[in-house]
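coords06.cif, holding mmCIF, C-alpha atoms:
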```cif
data_query
#
loop_
_atom_site.label_atom_id
_atom_site.label_comp_id
_atom_site.auth_asym_id
_atom_site.auth_seq_id
_atom_site.Cartn_x
_atom_site.Cartn_y
_atom_site.Cartn_z
CA MET A 904 -16.16 -3.92 9.33
CA PRO A 905 -14.33 -1.83 8.23
CA LEU A 906 -12.59 -1.28 11.57
CA VAL A 907 -10.28 1.70 11.75
CA THR A 908 -7.74 2.65 14.42
CA ILE A 909 -6.21 6.12 14.31
CA LYS A 910 -3.25 6.85 16.55
CA ILE A 911 -2.59 10.55 17.09
CA ILE A 912 -0.67 12.70 19.54
CA GLU A 913 -2.99 13.73 22.39
CA GLY A 914 -4.51 17.16 22.59
CA ARG A 915 -7.06 17.39 19.79
CA THR A 916 -10.39 19.00 20.54
CA LYS A 917 -13.65 17.14 20.50
CA GLU A 918 -14.55 19.17 17.44
CA GLN A 919 -11.48 17.83 15.63
CA LYS A 920 -12.37 14.26 16.60
CA ARG A 921 -15.91 14.82 15.39
CA GLY A 922 -14.64 15.96 12.00
CA LEU A 923 -12.14 13.13 11.88
CA ALA A 924 -14.81 10.50 12.52
CA LYS A 925 -17.17 11.99 9.95
CA ASP A 926 -14.65 12.52 7.15
CA VAL A 927 -12.67 9.29 7.56
CA THR A 928 -15.92 7.32 7.62
CA GLY A 929 -16.99 9.03 4.41
CA ALA A 930 -13.64 8.38 2.73
CA ILE A 931 -13.82 4.68 3.58
CA ALA A 932 -17.47 4.19 2.65
CA LYS A 933 -16.89 5.88 -0.71
CA ASN A 934 -13.90 3.74 -1.65
CA ILE A 935 -15.03 0.41 -0.21
CA GLY A 936 -18.62 0.74 -1.25
CA CYS A 937 -20.13 0.11 2.17
CA PRO A 938 -22.68 2.12 4.14
CA ASP A 939 -21.36 4.65 6.70
CA SER A 940 -22.99 2.58 9.43
CA ALA A 941 -20.55 -0.29 8.78
CA VAL A 942 -17.52 1.81 9.68
CA THR A 943 -16.22 1.74 13.27
CA ILE A 944 -13.38 4.06 14.23
CA ASP A 945 -11.36 4.22 17.42
CA ILE A 946 -8.96 7.04 18.16
CA VAL A 947 -5.95 6.30 20.34
CA GLU A 948 -4.32 9.35 21.89
CA MET A 949 -0.58 9.03 22.52
CA LYS A 950 1.59 11.06 24.89
CA PRO A 951 4.65 12.56 23.16
CA GLU A 952 6.87 10.58 25.54
CA ASN A 953 5.32 7.35 24.26
CA VAL A 954 6.10 7.78 20.57
CA SER A 955 9.45 7.81 18.79
CA GLN A 956 10.69 8.32 15.26
CA GLY A 957 14.26 7.47 14.42
CA GLY A 958 14.86 6.33 17.98
CA ILE A 959 14.04 9.72 19.54
CA LEU A 960 10.95 10.32 21.67
CA PHE A 961 8.62 13.02 20.35
CA SER A 962 8.92 14.69 23.78
CA ASP A 963 12.68 15.03 23.21
CA LYS A 964 12.39 16.56 19.75
CA PRO A 965 12.60 20.29 19.18
CA PRO A 966 9.20 21.71 18.21
CA MET A 967 8.66 21.88 14.44
CA MET B 364 7.67 1.36 8.21
CA PRO B 365 8.72 -0.52 10.27
CA LEU B 366 5.98 0.31 12.76
CA VAL B 367 6.41 -1.04 16.26
CA THR B 368 3.94 -1.18 19.13
CA ILE B 369 5.25 -2.08 22.58
CA LYS B 370 2.72 -2.85 25.32
CA ILE B 371 4.15 -2.65 28.84
CA ILE B 372 2.81 -2.34 32.36
CA GLU B 373 2.62 1.35 33.30
CA GLY B 374 5.17 2.99 35.56
CA ARG B 375 8.43 3.17 33.57
CA THR B 376 10.44 6.34 33.75
CA LYS B 377 10.99 8.64 30.82
CA GLU B 378 14.63 7.56 30.91
CA GLN B 379 13.57 3.93 30.42
CA LYS B 380 11.32 4.89 27.51
CA ARG B 381 14.15 6.89 25.98
CA GLY B 382 16.46 3.86 26.14
CA LEU B 383 13.70 1.59 24.85
CA ALA B 384 13.09 3.80 21.81
CA LYS B 385 16.79 4.08 21.02
CA ASP B 386 17.73 0.43 21.47
CA VAL B 387 14.67 -1.13 19.83
CA THR B 388 15.08 1.19 16.85
CA GLY B 389 18.71 0.14 16.55
CA ALA B 390 17.85 -3.56 16.79
CA ILE B 391 15.28 -3.24 14.03
CA ALA B 392 17.38 -1.09 11.70
CA LYS B 393 20.29 -3.53 12.04
CA ASN B 394 18.25 -6.62 11.20
CA ILE B 395 15.95 -5.15 8.55
CA GLY B 396 18.59 -3.03 6.90
CA CYS B 397 16.67 0.24 7.04
CA PRO B 398 17.70 3.65 8.37
CA ASP B 399 16.82 4.51 11.97
CA SER B 400 14.60 7.28 10.65
CA ALA B 401 12.24 4.74 9.09
CA VAL B 402 11.35 3.20 12.45
CA THR B 403 8.29 4.48 14.34
CA ILE B 404 7.59 3.14 17.82
CA ASP B 405 4.59 3.65 20.03
CA ILE B 406 4.53 2.57 23.65
CA VAL B 407 1.21 1.59 25.18
CA GLU B 408 1.10 1.62 28.98
CA MET B 409 -1.29 -0.85 30.56
CA LYS B 410 -2.77 -0.81 34.06
CA PRO B 411 -2.26 -4.11 35.92
CA GLU B 412 -6.03 -4.49 36.17
CA ASN B 413 -6.28 -4.43 32.36
CA VAL B 414 -3.94 -7.34 31.63
CA SER B 415 -4.36 -11.03 32.38
CA GLN B 416 -2.31 -14.16 31.95
CA GLY B 417 -3.96 -17.52 32.46
CA GLY B 418 -7.27 -15.81 33.15
CA ILE B 419 -5.98 -13.88 36.19
CA LEU B 420 -5.57 -10.09 36.19
CA PHE B 421 -2.04 -8.88 36.90
CA SER B 422 -3.51 -6.77 39.70
CA ASP B 423 -4.76 -9.97 41.37
CA LYS B 424 -1.44 -11.82 41.16
CA PRO B 425 0.95 -11.95 44.09
CA PRO B 426 4.07 -9.83 43.39
CA MET B 427 6.91 -11.82 41.84
CA MET C 453 4.16 -8.69 28.84
CA PRO C 454 5.88 -6.86 27.24
CA LEU C 455 3.97 -7.58 24.02
CA VAL C 456 5.54 -6.29 20.84
CA THR C 457 4.08 -6.03 17.34
CA ILE C 458 6.45 -5.24 14.46
CA LYS C 459 4.93 -4.36 11.10
CA ILE C 460 7.35 -4.67 8.19
CA ILE C 461 7.13 -4.93 4.42
CA GLU C 462 7.05 -8.61 3.44
CA GLY C 463 10.09 -10.40 2.07
CA ARG C 464 12.54 -10.73 4.95
CA THR C 465 14.36 -14.01 5.37
CA LYS C 466 13.87 -16.30 8.30
CA GLU C 467 17.40 -15.42 9.36
CA GLN C 468 16.45 -11.73 9.51
CA LYS C 469 13.37 -12.54 11.59
CA ARG C 470 15.49 -14.66 13.92
CA GLY C 471 17.88 -11.76 14.47
CA LEU C 472 14.99 -9.35 14.88
CA ALA C 473 13.36 -11.49 17.56
CA LYS C 474 16.62 -11.96 19.45
CA ASP C 475 17.83 -8.37 19.34
CA VAL C 476 14.50 -6.64 19.97
CA THR C 477 13.86 -8.96 22.92
CA GLY C 478 17.27 -8.08 24.32
CA ALA C 479 16.72 -4.36 23.85
CA ILE C 480 13.40 -4.52 25.69
CA ALA C 481 14.57 -6.75 28.53
CA LYS C 482 17.58 -4.47 29.13
CA ASN C 483 15.54 -1.28 29.32
CA ILE C 484 12.47 -2.61 31.13
CA GLY C 485 14.36 -4.84 33.50
CA CYS C 486 12.41 -8.00 32.74
CA PRO C 487 13.62 -11.47 31.77
CA ASP C 488 13.84 -12.31 28.06
CA SER C 489 11.19 -14.98 28.61
CA ALA C 490 8.59 -12.30 29.40
CA VAL C 491 8.86 -10.73 25.94
CA THR C 492 6.45 -11.87 23.20
CA ILE C 493 6.94 -10.53 19.68
CA ASP C 494 4.74 -10.90 16.65
CA ILE C 495 5.85 -9.85 13.19
CA VAL C 496 3.20 -8.71 10.72
CA GLU C 497 4.28 -8.77 7.08
CA MET C 498 2.62 -6.19 4.87
CA LYS C 499 2.27 -6.19 1.08
CA PRO C 500 3.50 -2.92 -0.49
CA GLU C 501 0.02 -2.36 -1.90
CA ASN C 502 -1.40 -2.37 1.64
CA VAL C 503 0.76 0.41 3.08
CA SER C 504 0.78 4.11 2.27
CA GLN C 505 2.75 7.14 3.32
CA GLY C 506 1.51 10.59 2.38
CA GLY C 507 -1.49 9.04 0.66
CA ILE C 508 0.55 7.01 -1.84
CA LEU C 509 0.75 3.21 -1.74
CA PHE C 510 4.27 1.81 -1.34
CA SER C 511 3.62 -0.24 -4.49
CA ASP C 512 3.11 3.01 -6.43
CA LYS C 513 6.28 4.69 -5.21
CA PRO C 514 9.45 4.72 -7.25
CA PRO C 515 12.12 2.43 -5.73
CA MET C 516 14.43 4.26 -3.34
CA MET D 484 2.05 9.97 13.24
CA PRO D 485 -0.87 9.82 12.63
CA LEU D 486 -0.78 6.03 12.18
CA VAL D 487 -3.90 4.45 10.74
CA THR D 488 -4.88 0.79 10.53
CA ILE D 489 -7.86 -0.15 8.36
CA LYS D 490 -9.24 -3.68 8.63
CA ILE D 491 -11.41 -4.72 5.70
CA ILE D 492 -12.70 -7.94 4.22
CA GLU D 493 -10.27 -9.16 1.53
CA GLY D 494 -10.96 -8.73 -2.15
CA ARG D 495 -10.66 -5.01 -2.87
CA THR D 496 -8.86 -3.96 -6.02
CA LYS D 497 -5.61 -2.08 -6.04
CA GLU D 498 -7.55 0.87 -7.41
CA GLN D 499 -9.83 0.83 -4.36
CA LYS D 500 -6.84 0.70 -2.03
CA ARG D 501 -5.26 3.60 -3.90
CA GLY D 502 -8.37 5.71 -3.42
CA LEU D 503 -8.65 4.63 0.20
CA ALA D 504 -5.07 5.69 0.96
CA LYS D 505 -5.49 9.03 -0.79
CA ASP D 506 -8.86 9.99 0.65
CA VAL D 507 -8.32 8.79 4.22
CA THR D 508 -4.97 10.60 4.31
CA GLY D 509 -6.67 13.77 3.13
CA ALA D 510 -9.46 13.44 5.70
CA ILE D 511 -6.96 13.05 8.53
CA ALA D 512 -4.60 15.82 7.42
CA LYS D 513 -7.54 18.23 7.09
CA ASN D 514 -8.91 17.55 10.56
CA ILE D 515 -5.65 17.15 12.46
CA GLY D 516 -3.83 19.94 10.70
CA CYS D 517 -0.80 17.90 9.68
CA PRO D 518 0.84 17.47 6.28
CA ASP D 519 -0.20 14.47 4.17
CA SER D 520 3.35 13.16 4.46
CA ALA D 521 2.90 12.58 8.20
CA VAL D 522 0.09 10.07 7.68
CA THR D 523 0.95 6.35 7.49
CA ILE D 524 -1.82 3.87 6.67
CA ASP D 525 -1.76 0.10 6.72
CA ILE D 526 -4.58 -1.98 5.32
CA VAL D 527 -5.22 -5.39 6.86
CA GLU D 528 -7.25 -7.77 4.70
CA MET D 529 -9.37 -10.27 6.61
CA LYS D 530 -10.81 -13.56 5.38
CA PRO D 531 -14.58 -13.83 6.02
CA GLU D 532 -13.92 -16.91 8.17
CA ASN D 533 -11.72 -14.80 10.47
CA VAL D 534 -14.27 -12.13 11.36
CA SER D 535 -17.46 -12.42 13.38
CA GLN D 536 -20.28 -10.14 14.42
CA GLY D 537 -22.71 -11.28 17.08
CA GLY D 538 -20.80 -14.55 17.45
CA ILE D 539 -21.31 -15.63 13.82
CA LEU D 540 -18.46 -15.81 11.31
CA PHE D 541 -18.92 -13.63 8.22
CA SER D 542 -18.38 -16.77 6.13
CA ASP D 543 -21.44 -18.33 7.79
CA LYS D 544 -23.73 -15.37 7.19
CA PRO D 545 -26.14 -15.22 4.30
CA PRO D 546 -25.00 -12.64 1.73
CA MET D 547 -26.56 -9.21 2.26
CA MET E 205 -17.85 -2.17 20.53
CA PRO E 206 -16.58 -4.34 22.15
CA LEU E 207 -13.94 -5.01 19.49
CA VAL E 208 -11.84 -8.11 19.99
CA THR E 209 -8.66 -9.19 18.21
CA ILE E 210 -7.42 -12.76 18.75
CA LYS E 211 -3.95 -13.65 17.53
CA ILE E 212 -3.35 -17.39 17.18
CA ILE E 213 -0.89 -19.65 15.43
CA GLU E 214 -2.27 -20.58 12.00
CA GLY E 215 -3.85 -23.95 11.30
CA ARG E 216 -7.15 -24.01 13.20
CA THR E 217 -10.16 -25.45 11.46
CA LYS E 218 -13.16 -23.43 10.50
CA GLU E 219 -15.07 -25.37 13.13
CA GLN E 220 -12.64 -24.17 15.81
CA LYS E 221 -12.99 -20.58 14.63
CA ARG E 222 -16.77 -20.94 14.69
CA GLY E 223 -16.66 -22.11 18.30
CA LEU E 224 -14.16 -19.41 19.21
CA ALA E 225 -16.38 -16.66 17.79
CA LYS E 226 -19.47 -18.00 19.51
CA ASP E 227 -17.97 -18.64 22.93
CA VAL E 228 -15.79 -15.52 23.18
CA THR E 229 -18.76 -13.39 22.14
CA GLY E 230 -20.85 -15.02 24.85
CA ALA E 231 -18.15 -14.53 27.48
CA ILE E 232 -17.87 -10.84 26.67
CA ALA E 233 -21.59 -10.14 26.43
CA LYS E 234 -22.15 -11.84 29.79
CA ASN E 235 -19.49 -9.85 31.62
CA ILE E 236 -19.94 -6.47 29.92
CA GLY E 237 -23.71 -6.62 29.82
CA CYS E 238 -24.05 -5.92 26.11
CA PRO E 239 -25.98 -7.80 23.42
CA ASP E 240 -24.08 -10.42 21.37
CA SER E 241 -24.67 -8.29 18.30
CA ALA E 242 -22.41 -5.54 19.68
CA VAL E 243 -19.36 -7.82 19.74
CA THR E 244 -17.02 -7.84 16.72
CA ILE E 245 -14.14 -10.33 16.66
CA ASP E 246 -11.27 -10.60 14.24
CA ILE E 247 -8.90 -13.57 14.25
CA VAL E 248 -5.34 -13.00 13.09
CA GLU E 249 -3.46 -16.15 12.09
CA MET E 250 0.30 -16.03 12.64
CA LYS E 251 2.99 -18.19 11.04
CA PRO E 252 5.29 -19.82 13.62
CA GLU E 253 8.23 -17.99 12.06
CA ASN E 254 6.55 -14.66 12.82
CA VAL E 255 6.12 -15.11 16.57
CA SER E 256 8.75 -15.29 19.29
CA GLN E 257 8.81 -15.83 23.02
CA GLY E 258 12.00 -15.16 24.95
CA GLY E 259 13.71 -14.09 21.72
CA ILE E 260 13.25 -17.45 19.98
CA LEU E 261 10.94 -17.90 16.99
CA PHE E 262 8.18 -20.47 17.49
CA SER E 263 9.44 -22.18 14.32
CA ASP E 264 12.81 -22.71 16.02
CA LYS E 265 11.40 -24.19 19.20
CA PRO E 266 11.24 -27.94 19.78
CA PRO E 267 7.62 -29.17 19.64
CA MET E 268 5.93 -29.23 23.04
CA MET F 119 -0.12 -17.03 22.28
CA PRO F 120 -3.07 -16.70 21.96
CA LEU F 121 -2.90 -12.93 22.43
CA VAL F 122 -6.22 -11.17 22.87
CA THR F 123 -7.03 -7.46 22.81
CA ILE F 124 -10.47 -6.35 23.97
CA LYS F 125 -11.51 -2.76 23.33
CA ILE F 126 -14.41 -1.59 25.46
CA ILE F 127 -15.94 1.72 26.50
CA GLU F 128 -14.38 2.83 29.81
CA GLY F 129 -16.18 2.46 33.09
CA ARG F 130 -16.31 -1.27 33.86
CA THR F 131 -15.62 -2.39 37.40
CA LYS F 132 -12.64 -4.45 38.38
CA GLU F 133 -15.07 -7.28 39.08
CA GLN F 134 -16.30 -7.13 35.48
CA LYS F 135 -12.74 -7.19 34.16
CA ARG F 136 -11.95 -10.14 36.41
CA GLY F 137 -14.88 -12.08 34.98
CA LEU F 138 -13.99 -11.03 31.45
CA ALA F 139 -10.42 -12.27 31.82
CA LYS F 140 -11.51 -15.57 33.33
CA ASP F 141 -14.33 -16.37 30.93
CA VAL F 142 -12.66 -15.23 27.69
CA THR F 143 -9.55 -17.21 28.62
CA GLY F 144 -11.70 -20.28 29.20
CA ALA F 145 -13.54 -19.82 25.90
CA ILE F 146 -10.27 -19.59 23.98
CA ALA F 147 -8.52 -22.47 25.75
CA LYS F 148 -11.54 -24.70 25.13
CA ASN F 149 -11.76 -23.98 21.41
CA ILE F 150 -8.04 -23.79 20.60
CA GLY F 151 -7.00 -26.66 22.80
CA CYS F 152 -4.32 -24.75 24.72
CA PRO F 153 -3.78 -24.38 28.47
CA ASP F 154 -5.26 -21.32 30.19
CA SER F 155 -1.72 -20.20 31.01
CA ALA F 156 -0.98 -19.64 27.32
CA VAL F 157 -3.68 -16.97 26.97
CA THR F 158 -2.72 -13.30 27.44
CA ILE F 159 -5.47 -10.68 27.40
CA ASP F 160 -5.20 -6.92 27.39
CA ILE F 161 -8.19 -4.67 27.88
CA VAL F 162 -8.16 -1.25 26.25
CA GLU F 163 -10.62 1.25 27.70
CA MET F 164 -11.92 3.84 25.27
CA LYS F 165 -13.50 7.20 26.02
CA PRO F 166 -16.85 7.67 24.26
CA GLU F 167 -15.42 10.69 22.43
CA ASN F 168 -12.74 8.46 20.91
CA VAL F 169 -15.02 5.91 19.24
CA SER F 170 -17.41 6.36 16.34
CA GLN F 171 -19.90 4.23 14.48
CA GLY F 172 -21.33 5.46 11.23
CA GLY F 173 -19.24 8.60 11.50
CA ILE F 174 -20.79 9.76 14.79
CA LEU F 175 -18.83 9.81 18.05
CA PHE F 176 -20.33 7.68 20.82
CA SER F 177 -20.29 10.81 23.00
CA ASP F 178 -22.61 12.51 20.51
CA LYS F 179 -25.12 9.68 20.32
CA PRO F 180 -28.34 9.69 22.30
CA PRO F 181 -28.21 7.10 25.11
CA MET F 182 -29.66 3.73 24.09
#
```

Give the structure from this file in structure tokens form.
Amino acid sequence: MPLVTIKIIEGRTKEQKRGLAKDVTGAIAKNIGCPDSAVTIDIVEMKPENVSQGGILFSDKPPM
Amino acid sequence: MPLVTIKIIEGRTKEQKRGLAKDVTGAIAKNIGCPDSAVTIDIVEMKPENVSQGGILFSDKPPM
Amino acid sequence: MPLVTIKIIEGRTKEQKRGLAKDVTGAIAKNIGCPDSAVTIDIVEMKPENVSQGGILFSDKPPM
Amino acid sequence: MPLVTIKIIEGRTKEQKRGLAKDVTGAIAKNIGCPDSAVTIDIVEMKPENVSQGGILFSDKPPM
Amino acid sequence: MPLVTIKIIEGRTKEQKRGLAKDVTGAIAKNIGCPDSAVTIDIVEMKPENVSQGGILFSDKPPM
Amino acid sequence: MPLVTIKIIEGRTKEQKRGLAKDVTGAIAKNIGCPDSAVTIDIVEMKPENVSQGGILFSDKPPM
């Protein structure tokens, strides 16, 4: 504990995940007052056809 | 918010996911009294060998 | 299966939850092609101070 | 999206949660390259008797 | 890792949770081949009015 | 109910998952006092580059 789950759209680089793990861990440890080693993070990568906002799949939305 | 996670066995078509996103969003907006745009859904597809009921993997069950 | 988790801000009536369970189950069964009895839903009620959007807790946002 | 769930032991102040929401959102936006507004966080507070490590409930562990 | 989440209807004793943590940890360590210390479990207690099967809230079902 | 989610690093055999499903179901049924048939388990397999402990991705850690 803390246990963190981050759901993102697939396609990030390993470098991005590395930065994500490092910086989110730091942000949690700082605010909770726990050591970095207590923080576990798992990243769940979602396909755009498996996520919707407002009832519309991300894969059906025009690119922003 | 609301945030919805739907775990299903893999293998649905994109058309099924499209209907799922639309209809579940509508059902939630109607009952919660929020706009459709507030509803986020993520669909998690599971392999039959990664789900069990009664201690038996779905991949080991006879087809129904 | 399907397994559904719905996270909402706390404070809905039991009547709203009853409608939510009925209508979301129907929306899933229709689109997945499974019987209603296969659909399990759990509703997670969140305090406004435990949810944020854009880095701001819901409890700190002006009422919409 | 991104959607973030943070499970922590109960008992943090609202000020700690405020900092958590702000800093974790910033860490994700920076590394994923999305606007802060795209990041939703929910904090789940756990009782020590509902979490275990190594088969022992946190409520049964000597304080560290 | 492994990380385990167990959702149950509320009302179990601390003794039941203690046994649950111990025995589930053992079952996972045995089958995955990891030490007990690697297994984190969190127990989520649900109110009967927040769970449905077949579109009917547990709180609306006749007792079994 | 009970609903169980087990997150593990990818790469277990079907035989390991079979044992996991059987033994975790038994451990829960025994301690909760429910029939095996009430227990649903889903196994989520994680890539080492999608999990971190202490801010370091599993894929970046030296093998233990």

Exercise on range 928-945 of chain A, axis-aligned box with 5 Å per side, report centre and edge lengths in Å to one decimal, as lines of an AutoDock Vina configuration file:
```
center_x = -17.2
center_y = 4.4
center_z = 7.9
size_x = 21.6
size_y = 19.3
size_z = 29.1
```

Problem set entry | Residues returned when the PyMOL selection byres ((chain F) within 12 of (chain A)) runs on this file, as an NGL selection string | :F and (125-127 or 162-179)

Please, can I see chain C fitted onto chain E by all in-order Cα atoms (least squares), as an mmCIF file with C-alpha atoms, in the coordinates of the input?
```cif
data_model
loop_
_atom_site.group_PDB
_atom_site.id
_atom_site.type_symbol
_atom_site.label_atom_id
_atom_site.label_comp_id
_atom_site.auth_asym_id
_atom_site.auth_seq_id
_atom_site.Cartn_x
_atom_site.Cartn_y
_atom_site.Cartn_z
ATOM 1 C CA MET C 453 -17.857 -2.174 20.522
ATOM 2 C CA PRO C 454 -16.585 -4.331 22.133
ATOM 3 C CA LEU C 455 -13.922 -4.994 19.486
ATOM 4 C CA VAL C 456 -11.831 -8.095 19.981
ATOM 5 C CA THR C 457 -8.644 -9.185 18.219
ATOM 6 C CA ILE C 458 -7.423 -12.756 18.762
ATOM 7 C CA LYS C 459 -3.948 -13.650 17.536
ATOM 8 C CA ILE C 460 -3.355 -17.385 17.189
ATOM 9 C CA ILE C 461 -0.883 -19.645 15.426
ATOM 10 C CA GLU C 462 -2.277 -20.565 12.003
ATOM 11 C CA GLY C 463 -3.850 -23.936 11.304
ATOM 12 C CA ARG C 464 -7.142 -24.005 13.191
ATOM 13 C CA THR C 465 -10.163 -25.447 11.446
ATOM 14 C CA LYS C 466 -13.177 -23.427 10.496
ATOM 15 C CA GLU C 467 -15.093 -25.364 13.130
ATOM 16 C CA GLN C 468 -12.641 -24.185 15.801
ATOM 17 C CA LYS C 469 -12.997 -20.583 14.630
ATOM 18 C CA ARG C 470 -16.778 -20.924 14.700
ATOM 19 C CA GLY C 471 -16.657 -22.119 18.303
ATOM 20 C CA LEU C 472 -14.165 -19.415 19.201
ATOM 21 C CA ALA C 473 -16.376 -16.668 17.792
ATOM 22 C CA LYS C 474 -19.480 -18.001 19.527
ATOM 23 C CA ASP C 475 -17.957 -18.648 22.936
ATOM 24 C CA VAL C 476 -15.785 -15.533 23.176
ATOM 25 C CA THR C 477 -18.757 -13.389 22.146
ATOM 26 C CA GLY C 478 -20.842 -15.018 24.859
ATOM 27 C CA ALA C 479 -18.153 -14.536 27.487
ATOM 28 C CA ILE C 480 -17.864 -10.841 26.652
ATOM 29 C CA ALA C 481 -21.588 -10.141 26.424
ATOM 30 C CA LYS C 482 -22.151 -11.838 29.803
ATOM 31 C CA ASN C 483 -19.482 -9.848 31.617
ATOM 32 C CA ILE C 484 -19.957 -6.477 29.921
ATOM 33 C CA GLY C 485 -23.716 -6.628 29.817
ATOM 34 C CA CYS C 486 -24.058 -5.928 26.108
ATOM 35 C CA PRO C 487 -25.964 -7.808 23.410
ATOM 36 C CA ASP C 488 -24.073 -10.422 21.383
ATOM 37 C CA SER C 489 -24.671 -8.305 18.283
ATOM 38 C CA ALA C 490 -22.420 -5.554 19.672
ATOM 39 C CA VAL C 491 -19.354 -7.813 19.735
ATOM 40 C CA THR C 492 -17.008 -7.828 16.717
ATOM 41 C CA ILE C 493 -14.139 -10.316 16.661
ATOM 42 C CA ASP C 494 -11.264 -10.602 14.250
ATOM 43 C CA ILE C 495 -8.899 -13.554 14.245
ATOM 44 C CA VAL C 496 -5.324 -12.992 13.094
ATOM 45 C CA GLU C 497 -3.454 -16.143 12.098
ATOM 46 C CA MET C 498 0.285 -16.033 12.648
ATOM 47 C CA LYS C 499 2.981 -18.181 11.034
ATOM 48 C CA PRO C 500 5.286 -19.805 13.626
ATOM 49 C CA GLU C 501 8.228 -17.989 12.057
ATOM 50 C CA ASN C 502 6.549 -14.648 12.812
ATOM 51 C CA VAL C 503 6.120 -15.112 16.562
ATOM 52 C CA SER C 504 8.748 -15.284 19.285
ATOM 53 C CA GLN C 505 8.813 -15.827 23.008
ATOM 54 C CA GLY C 506 11.996 -15.143 24.939
ATOM 55 C CA GLY C 507 13.715 -14.097 21.728
ATOM 56 C CA ILE C 508 13.244 -17.447 19.971
ATOM 57 C CA LEU C 509 10.926 -17.904 16.986
ATOM 58 C CA PHE C 510 8.162 -20.476 17.495
ATOM 59 C CA SER C 511 9.414 -22.186 14.324
ATOM 60 C CA ASP C 512 12.797 -22.717 16.015
ATOM 61 C CA LYS C 513 11.402 -24.200 19.212
ATOM 62 C CA PRO C 514 11.245 -27.920 19.799
ATOM 63 C CA PRO C 515 7.642 -29.215 19.650
ATOM 64 C CA MET C 516 5.968 -29.280 23.055
#
```

Exercise. Hey, can you check how far CA of Gly129 in chain F sits from CA of Asn514 in chain D?
Worked result: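 Interatomic distance, CA of Gly129 in chain F to CA of Asn514 in chain D: 28.1 Å.
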
Exercise. What gap, in Å, lies between CA of Ile515 in chain D and CA of Gln919 in chain A?
Worked result: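 That distance, rounded to one decimal, is 6.7 Å.
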